[in-house]
$ cat target_39.pdb   # PDB, C-alpha atoms
ATOM      1  CA  MET A1045     125.396 -91.795   7.966
ATOM      2  CA  SER A1046     126.369 -93.763  11.002
ATOM      3  CA  GLU A1047     126.571 -97.492  11.438
ATOM      4  CA  LEU A1048     125.678 -99.501  14.475
ATOM      5  CA  HIS A1049     129.136-101.064  14.447
ATOM      6  CA  PRO A1050     132.235-100.656  12.304
ATOM      7  CA  ILE A1051     131.922-102.409   8.963
ATOM      8  CA  THR A1052     133.888-105.613   8.548
ATOM      9  CA  VAL A1053     134.728-106.873   5.083
ATOM     10  CA  LEU A1054     136.128-110.376   4.623
ATOM     11  CA  LEU A1055     138.418-110.651   1.601
ATOM     12  CA  VAL A1056     138.964-114.207   0.378
ATOM     13  CA  GLU A1057     141.944-113.908  -1.941
ATOM     14  CA  ASP A1058     145.148-115.857  -2.469
ATOM     15  CA  SER A1059     147.124-113.141  -4.227
ATOM     16  CA  PRO A1060     149.087-111.039  -1.678
ATOM     17  CA  GLY A1061     149.330-108.248  -4.251
ATOM     18  CA  ASP A1062     145.572-108.021  -4.616
ATOM     19  CA  ILE A1063     145.097-108.106  -0.833
ATOM     20  CA  ARG A1064     147.511-105.205  -0.494
ATOM     21  CA  LEU A1065     145.801-103.200  -3.245
ATOM     22  CA  THR A1066     142.362-103.799  -1.757
ATOM     23  CA  GLU A1067     143.603-102.619   1.640
ATOM     24  CA  GLU A1068     144.978 -99.463   0.071
ATOM     25  CA  ALA A1069     141.830 -98.763  -1.910
ATOM     26  CA  LEU A1070     139.686 -99.197   1.190
ATOM     27  CA  ARG A1071     141.957 -96.976   3.236
ATOM     28  CA  GLU A1072     141.336 -94.123   0.817
ATOM     29  CA  SER A1073     137.589 -94.277   1.361
ATOM     30  CA  LYS A1074     135.876 -92.106   3.950
ATOM     31  CA  LEU A1075     134.282 -95.071   5.680
ATOM     32  CA  LYS A1076     136.002 -96.865   8.488
ATOM     33  CA  VAL A1077     136.287-100.405   7.205
ATOM     34  CA  ASN A1078     137.833-103.286   9.075
ATOM     35  CA  LEU A1079     139.314-105.549   6.390
ATOM     36  CA  GLU A1080     139.960-109.162   7.320
ATOM     37  CA  SER A1081     141.604-111.449   4.804
ATOM     38  CA  VAL A1082     142.010-115.196   4.350
ATOM     39  CA  GLN A1083     143.932-116.872   1.553
ATOM     40  CA  ASP A1084     141.972-119.923   0.606
ATOM     41  CA  GLY A1085     138.485-121.383   0.706
ATOM     42  CA  GLU A1086     139.114-123.628   3.712
ATOM     43  CA  GLN A1087     140.272-120.673   5.764
ATOM     44  CA  ALA A1088     137.224-118.721   4.602
ATOM     45  CA  ILE A1089     134.826-121.376   5.876
ATOM     46  CA  ALA A1090     136.805-121.762   9.146
ATOM     47  CA  TYR A1091     136.660-117.982   9.589
ATOM     48  CA  LEU A1092     132.910-117.796   8.941
ATOM     49  CA  ARG A1093     132.148-120.727  11.253
ATOM     50  CA  ARG A1094     134.621-119.448  13.873
ATOM     51  CA  GLN A1095     136.609-122.645  13.930
ATOM     52  CA  GLY A1096     140.224-123.276  14.979
ATOM     53  CA  ASN A1097     142.246-120.067  14.916
ATOM     54  CA  TYR A1098     139.155-118.041  14.081
ATOM     55  CA  ARG A1099     137.198-118.437  17.330
ATOM     56  CA  GLU A1100     137.215-114.691  17.884
ATOM     57  CA  ALA A1101     136.484-113.832  14.267
ATOM     58  CA  ILE A1102     134.141-110.921  13.606
ATOM     59  CA  ARG A1103     131.144-111.770  11.439
ATOM     60  CA  PRO A1104     131.664-109.883   8.184
ATOM     61  CA  ASP A1105     129.069-107.488   6.768
ATOM     62  CA  LEU A1106     130.273-108.228   3.252
ATOM     63  CA  ILE A1107     132.435-110.897   1.616
ATOM     64  CA  LEU A1108     134.694-110.263  -1.396
ATOM     65  CA  LEU A1109     135.330-113.680  -2.894
ATOM     66  CA  ASP A1110     137.888-114.770  -5.467
ATOM     67  CA  LEU A1111     136.961-117.857  -7.490
ATOM     68  CA  ASN A1112     140.263-119.541  -8.252
ATOM     69  CA  MET A1113     141.982-120.398  -4.998
ATOM     70  CA  PRO A1114     143.967-123.260  -3.548
ATOM     71  CA  ARG A1115     142.329-126.072  -1.544
ATOM     72  CA  LYS A1116     138.683-125.045  -1.629
ATOM     73  CA  ASP A1117     137.771-122.779  -4.509
ATOM     74  CA  GLY A1118     135.407-119.830  -4.500
ATOM     75  CA  ARG A1119     132.504-121.717  -6.083
ATOM     76  CA  GLU A1120     132.516-124.210  -3.217
ATOM     77  CA  VAL A1121     132.714-121.424  -0.646
ATOM     78  CA  LEU A1122     129.843-119.618  -2.362
ATOM     79  CA  ALA A1123     127.683-122.750  -2.434
ATOM     80  CA  GLU A1124     128.400-123.540   1.241
ATOM     81  CA  VAL A1125     127.724-120.028   2.490
ATOM     82  CA  LYS A1126     124.497-119.617   0.506
ATOM     83  CA  ALA A1127     123.213-122.995   1.726
ATOM     84  CA  ASP A1128     123.964-122.222   5.384
ATOM     85  CA  PRO A1129     120.992-120.619   7.208
ATOM     86  CA  GLU A1130     123.384-118.834   9.585
ATOM     87  CA  LEU A1131     125.537-117.337   6.840
ATOM     88  CA  LYS A1132     123.382-116.992   3.723
ATOM     89  CA  THR A1133     122.280-113.427   4.411
ATOM     90  CA  ILE A1134     125.857-112.085   4.192
ATOM     91  CA  PRO A1135     126.211-110.462   0.752
ATOM     92  CA  ILE A1136     128.935-111.988  -1.421
ATOM     93  CA  VAL A1137     130.636-110.005  -4.157
ATOM     94  CA  VAL A1138     132.507-112.363  -6.484
ATOM     95  CA  LEU A1139     135.706-110.556  -7.500
ATOM     96  CA  THR A1140     137.795-112.575  -9.898
ATOM     97  CA  MET A1141     140.111-112.482 -12.902
ATOM     98  CA  SER A1142     137.720-114.730 -14.761
ATOM     99  CA  ALA A1143     135.496-113.113 -17.364
ATOM    100  CA  SER A1144     134.193-116.483 -18.520
ATOM    101  CA  GLU A1145     130.479-116.461 -19.195
ATOM    102  CA  ALA A1146     130.197-119.938 -17.643
ATOM    103  CA  ASP A1147     131.679-118.631 -14.360
ATOM    104  CA  VAL A1148     129.305-115.658 -14.400
ATOM    105  CA  GLU A1149     126.238-117.860 -14.963
ATOM    106  CA  ARG A1150     127.332-120.356 -12.330
ATOM    107  CA  ALA A1151     128.015-117.666  -9.732
ATOM    108  CA  TYR A1152     124.542-116.114 -10.117
ATOM    109  CA  GLU A1153     123.016-119.552 -10.042
ATOM    110  CA  LEU A1154     124.759-120.196  -6.712
ATOM    111  CA  GLN A1155     123.197-116.918  -5.469
ATOM    112  CA  ALA A1156     126.238-114.666  -5.574
ATOM    113  CA  ASN A1157     124.982-111.146  -4.855
ATOM    114  CA  CYS A1158     127.020-109.771  -7.737
ATOM    115  CA  TYR A1159     129.896-110.725 -10.015
ATOM    116  CA  ILE A1160     132.758-108.422 -10.859
ATOM    117  CA  THR A1161     135.736-109.116 -13.105
ATOM    118  CA  LYS A1162     138.946-107.660 -11.691
ATOM    119  CA  PRO A1163     140.407-105.141 -14.081
ATOM    120  CA  VAL A1164     144.071-105.845 -14.930
ATOM    121  CA  ASN A1165     144.821-102.130 -14.937
ATOM    122  CA  LEU A1166     145.828-100.875 -11.495
ATOM    123  CA  ASP A1167     143.896 -97.606 -11.495
ATOM    124  CA  GLN A1168     140.816 -99.410 -12.740
ATOM    125  CA  PHE A1169     141.201-101.972  -9.966
ATOM    126  CA  ILE A1170     141.310 -99.236  -7.313
ATOM    127  CA  LYS A1171     138.285 -97.603  -8.949
ATOM    128  CA  VAL A1172     136.338-100.862  -8.819
ATOM    129  CA  ILE A1173     137.119-101.385  -5.122
ATOM    130  CA  ALA A1174     135.988 -97.822  -4.438
ATOM    131  CA  ALA A1175     132.764 -98.442  -6.377
ATOM    132  CA  ILE A1176     132.066-101.651  -4.402
ATOM    133  CA  ASN A1177     132.698 -99.723  -1.242
ATOM    134  CA  ASP A1178     130.399 -96.845  -2.215
ATOM    135  CA  PHE A1179     127.619 -99.071  -3.400
ATOM    136  CA  TRP A1180     127.605-101.845  -0.804
ATOM    137  CA  LEU A1181     128.569 -99.838   2.225
ATOM    138  CA  THR A1182     126.708 -96.568   1.715
ATOM    139  CA  ILE A1183     123.760 -97.187  -0.634
ATOM    140  CA  VAL A1184     122.761-100.749   0.210
ATOM    141  CA  SER A1185     121.196-101.853   3.501
ATOM    142  CA  ILE A1186     123.084-104.825   4.901
ATOM    143  CA  PRO A1187     121.550-107.100   7.566
ATOM    144  CA  GLY A1188     122.505-106.084  11.102
ATOM    145  CA  ASN A1189     123.942-102.791   9.987
ATOM    146  CA  VAL A1190     120.976-100.522   9.418
ATOM    147  CA  LYS A1191     121.827 -97.000   8.432
ATOM    148  CA  HIS A1192     120.279 -94.013  10.129
ATOM    149  CA  ASP A1193     120.465 -91.287   7.578
ATOM    150  CA  ASP A1194     117.404 -89.259   8.368
TER     151      ASP A1194
ATOM    152  CA  MET B 806     135.560-102.986 -16.732
ATOM    153  CA  ASN B 807     132.723-104.988 -18.107
ATOM    154  CA  MET B 808     129.905-103.516 -20.049
ATOM    155  CA  LEU B 809     127.184-105.431 -21.676
ATOM    156  CA  LYS B 810     127.914-105.552 -25.340
ATOM    157  CA  SER B 811     125.641-102.696 -26.231
ATOM    158  CA  VAL B 812     124.161-104.028 -29.400
ATOM    159  CA  ARG B 813     120.906-103.727 -27.510
ATOM    160  CA  PRO B 814     119.771-101.529 -24.633
ATOM    161  CA  ILE B 815     119.888-102.812 -21.067
ATOM    162  CA  GLU B 816     116.407-104.028 -20.196
ATOM    163  CA  ILE B 817     115.193-103.057 -16.728
ATOM    164  CA  LEU B 818     111.974-104.256 -15.141
ATOM    165  CA  LEU B 819     110.729-101.865 -12.463
ATOM    166  CA  VAL B 820     108.059-103.389 -10.235
ATOM    167  CA  GLU B 821     106.506-100.416  -8.504
ATOM    168  CA  ASP B 822     102.942 -99.324  -7.798
ATOM    169  CA  ASN B 823     103.652 -95.678  -7.048
ATOM    170  CA  PRO B 824     103.399 -93.620 -10.295
ATOM    171  CA  GLY B 825     105.524 -90.857  -8.764
ATOM    172  CA  ASP B 826     108.398 -93.242  -8.113
ATOM    173  CA  VAL B 827     108.057 -94.738 -11.613
ATOM    174  CA  ARG B 828     108.302 -91.264 -13.094
ATOM    175  CA  LEU B 829     111.306 -90.304 -10.973
ATOM    176  CA  THR B 830     113.103 -93.526 -11.858
ATOM    177  CA  GLN B 831     112.479 -92.875 -15.554
ATOM    178  CA  GLU B 832     113.876 -89.385 -15.245
ATOM    179  CA  ALA B 833     116.936 -90.481 -13.300
ATOM    180  CA  LEU B 834     117.711 -93.135 -15.926
ATOM    181  CA  LYS B 835     117.178 -90.741 -18.818
ATOM    182  CA  THR B 836     119.977 -88.413 -17.742
ATOM    183  CA  ASN B 837     122.602 -91.141 -17.773
ATOM    184  CA  LYS B 838     124.805 -91.998 -20.738
ATOM    185  CA  LEU B 839     123.832 -95.658 -20.831
ATOM    186  CA  GLN B 840     121.174 -96.882 -23.163
ATOM    187  CA  VAL B 841     118.482 -98.471 -21.045
ATOM    188  CA  SER B 842     114.965 -99.550 -21.697
ATOM    189  CA  LEU B 843     112.662 -99.342 -18.678
ATOM    190  CA  HIS B 844     109.612-101.583 -18.397
ATOM    191  CA  THR B 845     107.199-101.265 -15.522
ATOM    192  CA  ALA B 846     104.764-103.566 -13.761
ATOM    193  CA  GLU B 847     102.470-102.034 -11.135
ATOM    194  CA  ASP B 848     101.877-105.146  -9.106
ATOM    195  CA  GLY B 849     103.392-108.523  -8.361
ATOM    196  CA  GLU B 850     101.073-110.502 -10.603
ATOM    197  CA  LYS B 851     101.907-108.326 -13.598
ATOM    198  CA  ALA B 852     105.606-108.687 -12.766
ATOM    199  CA  MET B 853     105.337-112.478 -12.914
ATOM    200  CA  ARG B 854     103.366-112.330 -16.164
ATOM    201  CA  PHE B 855     106.044-110.051 -17.624
ATOM    202  CA  LEU B 856     108.784-112.468 -16.561
ATOM    203  CA  HIS B 857     106.927-115.436 -18.003
ATOM    204  CA  GLN B 858     106.061-113.411 -21.144
ATOM    205  CA  GLU B 859     102.378-114.108 -20.739
ATOM    206  CA  GLY B 860      99.391-112.309 -22.278
ATOM    207  CA  GLU B 861     100.069-108.654 -23.052
ATOM    208  CA  TYR B 862     103.764-109.254 -22.240
ATOM    209  CA  SER B 863     104.369-111.952 -24.847
ATOM    210  CA  ASP B 864     106.612-109.672 -26.917
ATOM    211  CA  CYS B 865     108.513-108.232 -23.959
ATOM    212  CA  PRO B 866     112.225-108.935 -23.557
ATOM    213  CA  HIS B 867     113.762-110.772 -20.633
ATOM    214  CA  PRO B 868     115.068-108.135 -18.221
ATOM    215  CA  ASP B 869     118.774-107.854 -17.396
ATOM    216  CA  ILE B 870     117.874-106.630 -13.918
ATOM    217  CA  ILE B 871     114.766-106.198 -11.762
ATOM    218  CA  LEU B 872     114.085-103.296  -9.401
ATOM    219  CA  LEU B 873     111.503-104.588  -6.950
ATOM    220  CA  ASP B 874     109.354-102.749  -4.439
ATOM    221  CA  LEU B 875     108.169-104.851  -1.487
ATOM    222  CA  ASN B 876     104.732-103.449  -0.770
ATOM    223  CA  LEU B 877     102.671-104.112  -3.849
ATOM    224  CA  PRO B 878      99.031-104.851  -4.528
ATOM    225  CA  ARG B 879      97.852-108.401  -5.269
ATOM    226  CA  LYS B 880     101.141-110.247  -5.041
ATOM    227  CA  ASN B 881     103.702-108.558  -2.820
ATOM    228  CA  GLY B 882     107.392-108.133  -3.544
ATOM    229  CA  ARG B 883     108.424-110.829  -1.088
ATOM    230  CA  GLU B 884     106.377-113.417  -3.002
ATOM    231  CA  VAL B 885     107.700-112.179  -6.345
ATOM    232  CA  LEU B 886     111.275-112.429  -5.044
ATOM    233  CA  ALA B 887     110.724-115.967  -3.730
ATOM    234  CA  GLU B 888     109.190-117.073  -7.037
ATOM    235  CA  ILE B 889     112.019-115.617  -9.117
ATOM    236  CA  LYS B 890     114.774-117.070  -6.957
ATOM    237  CA  ASN B 891     113.168-120.514  -6.906
ATOM    238  CA  ASP B 892     112.650-120.615 -10.647
ATOM    239  CA  PRO B 893     115.628-122.207 -12.438
ATOM    240  CA  ARG B 894     114.861-120.115 -15.522
ATOM    241  CA  LEU B 895     114.709-116.785 -13.691
ATOM    242  CA  LYS B 896     116.915-117.091 -10.610
ATOM    243  CA  ARG B 897     120.054-115.631 -12.213
ATOM    244  CA  ILE B 898     118.452-112.267 -12.967
ATOM    245  CA  PRO B 899     119.738-109.829 -10.345
ATOM    246  CA  VAL B 900     116.971-108.442  -8.142
ATOM    247  CA  VAL B 901     117.531-105.098  -6.425
ATOM    248  CA  VAL B 902     114.938-104.604  -3.689
ATOM    249  CA  LEU B 903     114.070-100.902  -3.626
ATOM    250  CA  THR B 904     111.556-100.083  -0.933
ATOM    251  CA  MET B 905     110.429 -97.545   1.659
ATOM    252  CA  SER B 906     110.896-100.090   4.439
ATOM    253  CA  LYS B 907     113.936 -99.882   6.655
ATOM    254  CA  ALA B 908     112.722-102.633   8.963
ATOM    255  CA  GLU B 909     115.519-105.009   9.912
ATOM    256  CA  GLU B 910     113.203-107.999   9.450
ATOM    257  CA  ASP B 911     112.428-106.953   5.864
ATOM    258  CA  ILE B 912     116.150-106.582   5.127
ATOM    259  CA  LEU B 913     116.996-109.975   6.605
ATOM    260  CA  ASP B 914     114.037-111.623   4.939
ATOM    261  CA  ALA B 915     114.993-110.230   1.525
ATOM    262  CA  TYR B 916     118.574-111.520   1.775
ATOM    263  CA  GLU B 917     117.282-114.872   2.990
ATOM    264  CA  LEU B 918     115.176-115.071  -0.166
ATOM    265  CA  HIS B 919     118.364-114.259  -2.147
ATOM    266  CA  ALA B 920     117.701-110.680  -3.126
ATOM    267  CA  ASN B 921     120.928-109.495  -4.767
ATOM    268  CA  CYS B 922     120.797-106.320  -2.721
ATOM    269  CA  TYR B 923     118.403-104.292  -0.585
ATOM    270  CA  ILE B 924     118.118-100.537  -0.841
ATOM    271  CA  ALA B 925     115.916 -98.327   1.291
ATOM    272  CA  LYS B 926     114.422 -95.559  -0.850
ATOM    273  CA  PRO B 927     115.455 -92.143   0.400
ATOM    274  CA  ILE B 928     112.487 -89.839   0.990
ATOM    275  CA  ASP B 929     114.437 -86.859  -0.275
ATOM    276  CA  LEU B 930     113.936 -86.388  -4.020
ATOM    277  CA  ASP B 931     117.522 -85.562  -4.977
ATOM    278  CA  GLN B 932     118.773 -88.466  -2.885
ATOM    279  CA  PHE B 933     116.330 -90.783  -4.624
ATOM    280  CA  VAL B 934     117.595 -89.743  -8.058
ATOM    281  CA  LYS B 935     121.170 -90.187  -6.847
ATOM    282  CA  VAL B 936     120.428 -93.693  -5.602
ATOM    283  CA  VAL B 937     118.871 -94.725  -8.932
ATOM    284  CA  LYS B 938     121.930 -93.413 -10.786
ATOM    285  CA  THR B 939     124.272 -95.232  -8.438
ATOM    286  CA  ILE B 940     122.354 -98.480  -8.992
ATOM    287  CA  GLU B 941     122.687 -97.958 -12.713
ATOM    288  CA  ASP B 942     126.415 -97.111 -12.573
ATOM    289  CA  PHE B 943     127.219-100.020 -10.314
ATOM    290  CA  TRP B 944     125.171-102.751 -11.977
ATOM    291  CA  PHE B 945     125.791-101.736 -15.581
ATOM    292  CA  THR B 946     129.378-100.541 -15.599
ATOM    293  CA  ILE B 947     131.104-102.329 -12.691
ATOM    294  CA  VAL B 948     129.212-105.608 -12.382
ATOM    295  CA  LYS B 949     129.228-108.395 -14.940
ATOM    296  CA  LEU B 950     125.625-109.450 -15.512
ATOM    297  CA  PRO B 951     124.653-112.848 -16.847
ATOM    298  CA  GLN B 952     124.363-112.505 -20.628
ATOM    299  CA  ASP B 953     120.886-113.867 -20.555
ATOM    300  CA  GLY B 954     119.587-114.412 -17.063
ATOM    301  CA  THR B 955     116.943-116.719 -18.391
ATOM    302  CA  LEU B 956     119.107-119.124 -20.392
ATOM    303  CA  ASN B 957     117.938-122.644 -19.899
ATOM    304  CA  PRO B 958     119.973-124.309 -17.155
TER     305      PRO B 958
END
$ encode --input "target_39.pdb" --output "C-alpha cells"
Amino acid sequence: MSELHPITVLLVEDSPGDIRLTEEALRESKLKVNLESVQDGEQAIAYLRRQGNYREAIRPDLILLDLNMPRKDGREVLAEVKADPELKTIPIVVLTMSASEADVERAYELQANCYITKPVNLDQFIKVIAAINDFWLTIVSIPGNVKHDD
Amino acid sequence: MNMLKSVRPIEILLVEDNPGDVRLTQEALKTNKLQVSLHTAEDGEKAMRFLHQEGEYSDCPHPDIILLDLNLPRKNGREVLAEIKNDPRLKRIPVVVLTMSKAEEDILDAYELHANCYIAKPIDLDQFVKVVKTIEDFWFTIVKLPQDGTLNP
C-alpha cells in the first residue's frame, strides 16, 4: 500500500513516559509515521488551528487523545474538534487510563471515533499502539489519504 | 485490555444487500474465538426498523456495533448513518462503514456524518475475510465499547 503523503499522528498526552512509549511502539511498525505530540488540550487546539508556535503544523491524519490533561482536558478538545467543520473529519482515538463507564459513554456521545483504555502493563501498551496503528493506518480509509492497494 | 463482559454474545448488525458479502462476513466471524451474534438487514429501512425494534424486530437486541454498507436499496447507508448519529438514543453505537466505494467524497462525507470509521471492502476474497477479522479483533478486544449504546441519555 502506498499513501499520498506520509501519515501524521498527533498525540495529545501529558505523560512524557507515555509519549516515549508511543514513539517507540510506532517506530517498530512498518509504516512511516510522523508522530507529533502536544502536552495539553490548549496546545492541541493551537496545533490543530495552526496558531502561535504551530503556524507550520502538519494537519494530522489521526489524533490520539488522552482525557485527563492540564488546562484544557480531552473532553473539551474532543467536543471542540468534532464541532469544527474544518477539523471534525479527523478521526480521534481516545486513549486514556480511565475505564469509567461514564467516560466511555460521554466520549462516544461527543463523537469520539473509538475509545481505548491504556493497559497498565508495558507489553500490553505496546501491543495496543501496534493494533491502533494496524487498524487505523492500514485497514481504515482516512480522509485525504486514500490507499491504492489494487 | 478491555473485553465486553461476555455474559452475552457481542451483537453485530450488518446492513448489507449483497447475499455473498453477508455469507462471507458470517464465515469470517465464525472462525474467530469471540462469541458474536450477527444480525442482518438488507436495506436501510430494515436497518432503522431493527434499531428502533419495530415490527418483526421487536424482540431483537440492541447492537453493540453496526457494519454499514453505503449503497443500499430504499434508504441508503448515508441516510442511515445520519439518522443514527442524530438520534440521542442511538448515536453512541459505533458505526463501521464497509463499502465498495473508495471515492474521496464518500470517505469525507461519512466522517462528516460521524461514522466511527470507513473501510473500503477489498475485492479479493481472502483480503475481505482478513478485514472482517481485523474489525472484530480491533473493536471487540482493543476498543472499549459503550456498555449499552442505547442507554437513555
$ resolve_selection --input "target_39.pdb" --expression "the ChimeraX specification (/B :<8) & /A" --output "PyMOL selection string"
chain A and resi 1132-1135+1145+1148-1149+1152-1153+1155-1163+1168+1172+1175-1176+1179+1183-1188+1190
$ closest_residue --input "target_39.pdb" --among "A:Leu1181, A:Gln1083, A:Asp1058, A:Ile1173" --to "Leu1070 in chain A" --atoms "all atoms listed in the file"
A:Ile1173
$ residues_around --input "target_39.pdb" --residues "range 1089-1094 of chain A" --least-positions-apart "5" --cutoff "12 Å" --atoms "only C-alpha atoms" --output "ChimeraX atom specification"
/A:1053-1056,1080-1084,1099-1107,1109,1115-1118,1120-1126,1128-1132,1134
$ resolve_selection --input "target_39.pdb" --expression "the PyMOL selection byres ((chain A and resi 1069) around 10)" --output "list of chain:residue names"
A:Ile1063, A:Arg1064, A:Leu1065, A:Thr1066, A:Glu1067, A:Glu1068, A:Leu1070, A:Arg1071, A:Glu1072, A:Ser1073, A:Asp1167, A:Phe1169, A:Ile1170, A:Lys1171, A:Val1172, A:Ile1173, A:Ala1174, A:Asn1177
$ atom_distance --input "target_39.pdb" --atom1 "CA of Thr830 in chain B" --atom2 "CA of Ser863 in chain B"
24.2 Å
$ resolve_selection --input "target_39.pdb" --expression "the PyMOL selection byres ((chain B and resi 826) around 12)" --output "PyMOL selection string"
chain B and resi 819-825+827-833+845+847+872-874+903-905+926-930+933-934+937
$ axis_aligned_box --input "target_39.pdb" --around "range 926-939 of chain B" --padding-each-side "5 Å" --output "lines of an AutoDock Vina configuration file"
center_x = 118.4
center_y = -90.6
center_z = -4.9
size_x = 21.8
size_y = 20.0
size_z = 21.8
$ closest_residue --input "target_39.pdb" --among "B:Gly849, B:Ser906, B:Arg854, B:Cys865" --to "Val885 in chain B" --atoms "all atoms listed in the file"
B:Gly849
$ residues_around --input "target_39.pdb" --residues "Leu856 in chain B" --least-positions-apart "3" --cutoff "7 Å" --atoms "all atoms listed in the file" --output "number ranges by chain"
B: 852-853, 867
$ closest_residue --input "target_39.pdb" --among "A:Thr1182, A:Asp1110, A:Asn1165, A:Ala1127" --to "Leu1139 in chain A" --atoms "only C-alpha atoms"
A:Asp1110
$ atom_distance --input "target_39.pdb" --atom1 "CA of Pro866 in chain B" --atom2 "CA of Leu818 in chain B"
9.6 Å
$ closest_residue --input "target_39.pdb" --among "B:Pro814, B:Leu886, B:Asp864, B:His857" --to "Lys838 in chain B" --atoms "all atoms listed in the file"
B:Pro814
$ closest_residue --input "target_39.pdb" --among "A:Glu1057, A:Leu1108, A:Val1164, A:Thr1052" --to "Ala1143 in chain A" --atoms "only C-alpha atoms"
A:Val1164
$ closest_residue --input "target_39.pdb" --among "B:Ile871, B:Glu861, B:Ala846, B:Lys851" --to "Glu941 in chain B" --atoms "all atoms listed in the file"
B:Ile871
$ atom_distance --input "target_39.pdb" --atom1 "CA of Met1113 in chain A" --atom2 "CA of Asp1062 in chain A"
12.9 Å
$ decode --input "target_39.pdb" --residues "range 876-887 of chain B" --atoms "N, CA and C atoms" --output "compact mmCIF listing (two decimals), in the first residue's frame"
# COMPACT_ATOMS: atom_id res chain seq x y z
N ASN B 876 -24.23 1.73 -0.33
CA ASN B 876 -25.19 1.65 -1.42
C ASN B 876 -26.21 0.57 -1.15
N LEU B 877 -27.36 1.02 -0.70
CA LEU B 877 -28.42 0.09 -0.29
C LEU B 877 -29.72 0.49 -0.93
N PRO B 878 -30.60 -0.50 -1.15
CA PRO B 878 -31.92 -0.14 -1.69
C PRO B 878 -32.75 0.65 -0.66
N ARG B 879 -33.76 1.30 -1.17
CA ARG B 879 -34.71 2.09 -0.36
C ARG B 879 -34.09 3.25 0.40
N LYS B 880 -33.48 2.97 1.52
CA LYS B 880 -32.81 4.05 2.24
C LYS B 880 -31.32 3.75 2.22
N ASN B 881 -30.52 4.68 1.68
CA ASN B 881 -29.10 4.34 1.55
C ASN B 881 -28.34 4.52 2.86
N GLY B 882 -27.09 4.02 2.85
CA GLY B 882 -26.29 3.98 4.06
C GLY B 882 -26.00 5.35 4.64
N ARG B 883 -25.87 6.33 3.75
CA ARG B 883 -25.60 7.71 4.17
C ARG B 883 -26.76 8.23 5.04
N GLU B 884 -27.98 7.94 4.59
CA GLU B 884 -29.17 8.37 5.36
C GLU B 884 -29.25 7.64 6.69
N VAL B 885 -28.96 6.32 6.65
CA VAL B 885 -29.00 5.53 7.88
C VAL B 885 -27.99 6.09 8.88
N LEU B 886 -26.78 6.36 8.39
CA LEU B 886 -25.72 6.91 9.24
C LEU B 886 -26.15 8.24 9.87
N ALA B 887 -26.70 9.13 9.04
CA ALA B 887 -27.13 10.44 9.55
C ALA B 887 -28.22 10.27 10.61
